[in-house]
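Peer 1: What follows is a structure written as structure tokens; I'll ask about it next.
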Protein chains: 2
Amino acid sequence: MVKESRVDVLIIGAGPSGLMCANALAGAGVDFRIIDNRPIGVPAGQADGIQPRTIEVLQSYGLAEPLLRDGAQMHLCAFYNPGPNGGIERTGRAADVTAPTARYPFKITIAQATIEELFIDSLKSQGVTVDRPIVPSSLEVSQDAEELLDPTSYPVKVVLDHILPSGTTTEQEIVHAKFVLGADGAHSWVRKTLGFSMDGEQTDYIWGVIDFIPDTDFPDIRNRTAIHSSNGSCMIIPREGDKVRFYLQMSDKDVMDPETGRIDKNKVTAENLIDVARKTFYPYTVNEPKEVDWCSIYIIGQRVASRFSKNERVFIAGDACHTHSPKAGQGMNASMNDTHNLAWKLAQVLRGRADISLLKTYELERQKYAQDLIDFDREFSALFSGKPRTSENEEGVTHEEFLRAFQASGGFSSGIGVHYMPSAIVDATHQSSAPEIIIGQRMLPQVFVRAADARPVEIQDMLPADTRFKLLLFVGLLTPEKLVNVRRLAEELQLPTSFLQRYDYAAQGKAQSMFDIISITAGRKDDVNFLDLPPIFRTHWSKVLIDDTDVTGRLGGGAYPRFGIDEKEITLVVVRPDGYVGMIAPSTALGSMDKYFGSFLIGKTLSLGE
Amino acid sequence: MVKESRVDVLIIGAGPSGLMCANALAGAGVDFRIIDNRPIGVPAGQADGIQPRTIEVLQSYGLAEPLLRDGAQMHLCAFYNPGPNGGIERTGRAADVTAPTARYPFKITIAQATIEELFIDSLKSQGVTVDRPIVPSSLEVSQDAEELLDPTSYPVKVVLDHILPSGTTTEQEIVHAKFVLGADGAHSWVRKTLGFSMDGEQTDYIWGVIDFIPDTDFPDIRNRTAIHSSNGSCMIIPREGDKVRFYLQMSDKDVMDPETGRIDKNKVTAENLIDVARKTFYPYTVNEPKEVDWCSIYIIGQRVASRFSKNERVFIAGDACHTHSPKAGQGMNASMNDTHNLAWKLAQVLRGRADISLLKTYELERQKYAQDLIDFDREFSALFSGKPRTSENEEGVTHEEFLRAFQASGGFSSGIGVHYMPSAIVDATHQSSAPEIIIGQRMLPQVFVRAADARPVEIQDMLPADTRFKLLLFVGLLTPEKLVNVRRLAEELQLPTSFLQRYDYAAQGKAQSMFDIISITAGRKDDVNFLDLPPIFRTHWSKVLIDDTDVTGRLGGGAYPRFGIDEKEITLVVVRPDGYVGMIAPSTALGSMDKYFGSFLIGKTLSLGE
């Protein structure tokens with residue numbers, strides 16, 4: 001008898017992408033399982049960079065603190081180029097992050113194992129563990145159109161092989177799932193099974209990578225540093241504690257077997273990599289390291305999967321759908337943000353609150369992003385792998401060219417500038433009501449003070465990734481005339497036909513709420529009385545904010561002009577559960593907001609008198 | 001056979017004062033025991049306020065985060081006085097903390113039990129538990145002068161009665177201690193046994209206190225609020241979650257038994273207290289609370305112990321040596337800061353690194369503080385308990401008088417302005433080298449950027465309470481001429497006669513170091529090369545700071561002018577292990593620094609060639 005079971009979501013792969021999804025689904029109370037084919041997680045020593053936007057995202061799950069405490073932070077980037085005396089010299093230092101609105105104006109490096117442990121600990125506290133080692137051996141998606149459209153059906157059948165402690169025998173299990181996520185890495189079995197191709201190219205650039213504790217007189221050893229030397233390029237990435245990572249451009253003779261023309265793995269040793277570094281760093285010295293953590297070699301390839309989803313029932317995410325150079329530190333970020341985008345959509349569809357078509361926006365939003373990512377990576381890798389401009393090589397890359405490209409890509413590479421195009425969940429019609437809050441981008445960080453107790457709060461901390469839409473109600477100055485309009489708006493929003501009533505089942509006392517309202521007044525903390533607002537706009541005393549500075553005058557204030565919002569009007573900003581701005585509307589256009597939510601949410605049946 | 005044992009420090013009492021001491025001694029590796037007469041800690045519901053300086057101190061032990069996360073924060077104070085219509089009305093709001101240099105510009109309220117758990121958890125992670133229930137029954141201090149002066153002797157004999165699980169029988173134990181701390185509360189057995197008196201007075205003011213979740217239309221219910229009404233005064237203290245505390249001035253008829261003239265405990269009920277609040281709050285309503293945590297009554301008394309120490313062998317701290325009104329939120333703060341002052345001194349004496357006379361500075365510094373505290377409390381209580389100025393009562397307290405007193409006392413009440421007078425460990429001779437870093441006060445918070453990686457750091461976070469003296473070396477601008485002087489200073493400090501060599505045993509590899517050097521340059525993060533400094537001034541890459549802004553330009557910078565330090569000079573600032581500035585000197589006055597440390601530290605014997 002083969003064991004058979006049902007599950008709402010089966011996650012295949014417990015790397016950053018699968019774990020992010022699992023953690024988000026656990027928080028949403030979704031029925032899911034997560035399996036992995038490895039008996040344990042990644043070993044220590046693998047690593048990656050965490051970009052500013054990813055820190056914001058992790059913060060929205062309450063997971064950023066350990067990274068901020070334990071990771072290395074990169075604030076500056078230093079640039080070195082060939083000097084007149086044959087060696088390298090510093091051409092300048094610049095901010096490592098070129099994204100003025102970043103809440104965290106730096107990158108973090110931390111071992112991938114640490115990130116995975118963070119999620120695994122969070123899952124454990126919610127009673128979830130990763131099932132491992134388990135290998136999927138077959139996956140079938142029903143092609144019955146009716147079944148596929150019914151969100152309560154289980155149209156995906158997956159056969160799983162449990163690897164028994166002996167390591168050689170397996171036990172089969174059949175799982176019927178509503179949805180499956182393939183987060184199973186660059187060699188994704190799910191992707192291959194679905195028959196999706198990886199489209200793109202491989203370059204000729206060969207790079208070595210080494211993690212170690214350096215002994216050097218190089219003055220920028222704790223900054224991210226881009227070295228263009230006549231011996232090849234090097235990227236320094238400071239790591240936790242005293243460790244650093246070097247990415248070193250290798251020449252064919254460094255790594256190739258001259259007879260076969262293939263990479264000779266025996267040549268990839270820490271000693272050989274340090275030898276390459278020595279030549280690249282001249283006239284600075286790089287002494288024999290006391291401790292080497294890890295070293296490896298890779299050839300850059302840039303590819304994106306042809307599809308991210310099969311019938312909105314099986315999805316792929318992370319390395320399974322995009323591969324690129326590690327040097328720009330995007331890998332883990334793209335992976336976690338894929339499933340951050342997907343998880344809330346799955347949760348709302350499974351709850352019966354959103355139409356299954358909402359899931360189409362996953363591929364729409366993330367495939368476009370992945371394509372942009374490899375375009376960026378291709379350009380950046382070429383510039384970085386190219387020879388520097390010298391008197392002998394007038395075709396080479398100049399510092400100015402490189403710096404310009406580095407800074408121009410800062411919005412994208414930091415993740416801050418990621419911009420989702422108009423769709424069912426991105427409606428830019430009323431952009432002019434708040435021209436500086438870009439619809440389709442993540443909500444800008446901004447400090448306000450709470451009206452009730454004058455405590456400064458970061459608005460992003462009031463936008464947790466809890467599957468709810470946040471309504472930021474910019475009520476402006478609470479003049480007597482304004483209060484009349486505010487009360488009228490409250491009445492309109494309490495009509496049974498209003499989106500706030502139609503799509504929020506919380507009043508029934510048995511379901512998670514769909515909306516959280518945060519009211520933001522203009523005015524001074526010395527005067528504002530939060531009790532002036534109708535109760536619907538202050539569901540708790542902590543939900544009313546003032547656009548004013550804190551008691552020191554150093555934090556907060558200036559949001560209305562910064563966002564381009566008129567203090568005399570009432571403006572609603574809809575922030576999606578993943579922190580991206582979905583729509584904006586003036587209070588006079590409530591109908592367009594009803595229409596927005598109506599296009600993907602499932603309303604209560606009014607005739608039943610609910 | 002009575003069990004006998006020896007211990008370096010015996011702490012009697014596991015309230016905030018005793019636990020702060022225990023945690024500090026555990027961190028310093030000191031041999032100690034902590035006992036308490038209660039079978040468990042304080043029940044939930046007791047509470048207190050945490051002042052800005054105390055947050056800084058807890059941060060120096062790595063313990064502030066939970067408070068910042070879980071406590072209520074008071075940023076604003078609101079003031080209410082009798083209005084023209086018989087009820088109260090708001091006369092204004094003002095910053096609750098009047099101390100411009102406070103790193104945390106607010107107060108925190110959190111249950112005393114939470115603070116105690118914080119310490120108990122920290123102790124547990126270091127393998128220490130509180131021995132309880134144990135009652136001391138006798139304490140004797142040897143009067144042999146030679147024994148008292150020998151820091152390796154055990155001149156204090158304490159008999160302890162272990163209360164056995166039956167609760168009625170006890171088992172005796174004799175402990176011989178080098179030092180004893182009596183942190184055993186307002187009715188201190190240690191104080192009484194030593195025969196110290198409590199000097200001061202009791203007032204006639206009677207106050208009720210109640211912790212509950214309010215249901216009210218009072219707009220400042222989440223701010224600290226001082227109400228002067230014709231019905232008596234009230235102080236509102238917001239608490240964790242939705243709770244608040246009211247301190248309510250009671251009239252005799254509210255609480256007295258008319259026949260006996262004594263307080264009738266039966267009258268102190270939540271209902272009676274809410275009734276008093278209702279009259280005080282008129283025209284605002286205070287509805288029947290759903291949940292009452294705790295209520296009580298007290299009469300204000302202000303007293304200070306005649307002595308804080310017996311022969312520098314037995315000390316008392318916390319409520320054992322000062323009692324005062326709870327409304328100003330000073331109790332737990334004074335208590336924890338007493339032992340924060342004492343612990344590092346005990347550790348250095350026990351290690352044989354400091355002369356036992358160092359311990360005299362405990363009473364010197366903390367008794368003066370306690371006297372200032374009750375003077376402040378007496379004045380503030382009188383103003384707050386006094387009738388408000390109205391047309392019928394022209395002698396009453398005006399809002400302006402109260403606000404003036406409130407703000408004038410902000411430096412003291414926040415703990416920020418605490419100023420230790422000149423002594424062996426406070427030498428103000430060279431105050432002019434950094435006129436704005438006040439010798440005897442705590443080191444000012446200030447953000448710098450790290451030279452090696454441009455990460456912004458708060459200088460207070462580099463001053464942990466780890467028993468080491470921190471030397472802040474303000475080297476100024478690193479011009480070529482300056483570097484000559486810097487190298488010369490490095491050489492001088494490496495001479496065997498220099499304090500840095502004479503009093504630091506760390507080079508022997510077997511002892512905790514006495515000093516930690518932090519170098520602070522002027523200049524720009526784009527240019528400074530931290531490797532330019534001699535190795536002694538950069539013992540780790542993280543120990544060199546620049547007085548510059550971070551990459552956003554929003555944090556840091558301006559410290560040299562702010563502190564009044566000349567960028568052309570080299571200035572040394574000595575920060576004591578408890579975060580207070582002990583002395584300042586220009587690099588040309590190293591002799592005075594040798595003398596400073598020589599007055600209380602014990603140097604290595606140079607003749608032994610160590």
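Going by the structure tokens order, chains are called A, B, ..., each with residues numbered from 1, while ligands are numbered from 1 in the order shown.
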Residues of chain B were defined as contacting chain A if any atom lay at most 7 Å from it, counting only C-alpha atoms; please report them as a CSV table (one decimal) with N, CA and C atoms, in the first residue's frame.

Peer 2:
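As a result, iface-v6.csv now contains:
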```csv
chain,number,residue,atom,x,y,z
B,73,GLN,N,6.6,53.6,25.6
B,73,GLN,CA,7.6,54.7,25.5
B,73,GLN,C,6.8,56.0,25.8
B,74,MET,N,7.3,56.9,26.6
B,74,MET,CA,6.7,58.2,26.9
B,74,MET,C,7.6,59.2,26.2
B,75,HIS,N,7.0,59.8,25.2
B,75,HIS,CA,7.8,60.9,24.5
B,75,HIS,C,7.2,62.2,24.9
B,76,LEU,N,5.9,62.3,25.0
B,76,LEU,CA,5.3,63.6,25.4
B,76,LEU,C,4.8,63.6,26.8
B,93,ARG,N,1.3,70.5,25.8
B,93,ARG,CA,2.0,69.2,25.8
B,93,ARG,C,3.5,69.7,25.6
B,95,ALA,N,7.8,67.9,25.5
B,95,ALA,CA,8.7,66.7,25.5
B,95,ALA,C,8.7,66.2,26.9
B,219,PRO,N,-8.1,62.5,25.7
B,219,PRO,CA,-7.3,62.4,24.5
B,219,PRO,C,-5.8,62.1,24.8
B,220,ASP,N,-5.3,62.3,26.1
B,220,ASP,CA,-3.9,62.1,26.4
B,220,ASP,C,-3.7,60.8,27.2
B,222,ARG,N,-2.5,58.0,26.3
B,222,ARG,CA,-1.3,57.3,26.0
B,222,ARG,C,-0.1,58.2,26.1
B,223,ASN,N,-0.2,59.4,26.7
B,223,ASN,CA,0.9,60.2,27.0
B,223,ASN,C,1.1,60.2,28.6
B,452,ALA,N,37.4,51.8,8.5
B,452,ALA,CA,37.7,50.6,7.6
B,452,ALA,C,36.5,50.3,6.7
B,453,ASP,N,35.3,50.5,7.2
B,453,ASP,CA,34.1,50.1,6.4
B,453,ASP,C,33.0,51.1,6.3
B,454,ALA,N,33.2,52.3,6.9
B,454,ALA,CA,32.2,53.4,6.8
B,454,ALA,C,30.9,53.1,7.4
B,455,ARG,N,30.9,52.1,8.3
B,455,ARG,CA,29.6,51.8,9.0
B,455,ARG,C,29.4,52.8,10.1
B,526,ASP,N,36.0,59.3,2.6
B,526,ASP,CA,36.5,59.0,1.2
B,526,ASP,C,38.1,59.0,1.2
B,529,ASN,N,42.8,56.6,5.6
B,529,ASN,CA,43.4,55.3,5.6
B,529,ASN,C,43.7,54.9,7.0
B,531,LEU,N,45.1,52.4,8.1
B,531,LEU,CA,46.4,51.7,8.3
B,531,LEU,C,47.5,52.8,8.5
B,551,VAL,N,27.0,57.4,4.7
B,551,VAL,CA,26.8,57.6,3.3
B,551,VAL,C,25.6,58.4,2.9
```

Peer 1: Please return, as a PyMOL selection string, all residues of range 29-185 of chain B that DSSP assigns to strand (DSSP E) on the basis of the backbone.

Peer 2: chain B and resi 32-35+47-50+72-74+76-82+88-95+107-111+134-141+156-163+170-182

Peer 1: Excluding Leu533 in chain A and residues on its chain fewer than 4 positions from it, collect all residues at most 10 Å away from it, counting only C-alpha atoms, and give them as a list of chain:residue names.

Peer 2: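 Using only C-alpha atoms, the neighbours found are A:Val475, A:Leu478, A:Leu483, A:Val486, A:Arg487, A:Ala490, A:Ser519, A:Thr521, A:Asn529, A:Phe537, A:Arg538, A:Val544.
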
Peer 1: Would you export the selected residues with C-alpha atoms as a JSON list (two decimals), in the first residue's frame, please?

Peer 2:
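Output file part09.json is given in full below:
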```json
[["chain", "number", "residue", "atom", "x", "y", "z"],
["A", 475, "VAL", "CA", -6.63, 62.69, 5.83],
["A", 478, "LEU", "CA", -8.22, 67.99, 10.51],
["A", 483, "LEU", "CA", -13.82, 66.43, 9.57],
["A", 486, "VAL", "CA", -13.83, 62.43, 6.85],
["A", 487, "ARG", "CA", -17.07, 61.41, 8.54],
["A", 490, "ALA", "CA", -16.41, 56.76, 6.94],
["A", 519, "SER", "CA", -4.80, 57.10, 9.22],
["A", 521, "THR", "CA", -2.99, 63.38, 9.58],
["A", 529, "ASN", "CA", -6.54, 64.66, 19.00],
["A", 537, "PHE", "CA", -10.30, 55.15, 11.06],
["A", 538, "ARG", "CA", -8.76, 54.37, 14.47],
["A", 544, "VAL", "CA", -3.32, 57.06, 13.80]]
```

Peer 1: List the spatial neighbours of range 162-176 of chain B as a ChimeraX atom specification - criterion: any atom at most 9 Å away, only C-alpha atoms, same-chain residues fewer than 3 positions off excluded.

Peer 2: /B:2-8,10,37,39,132-136,154-159,179
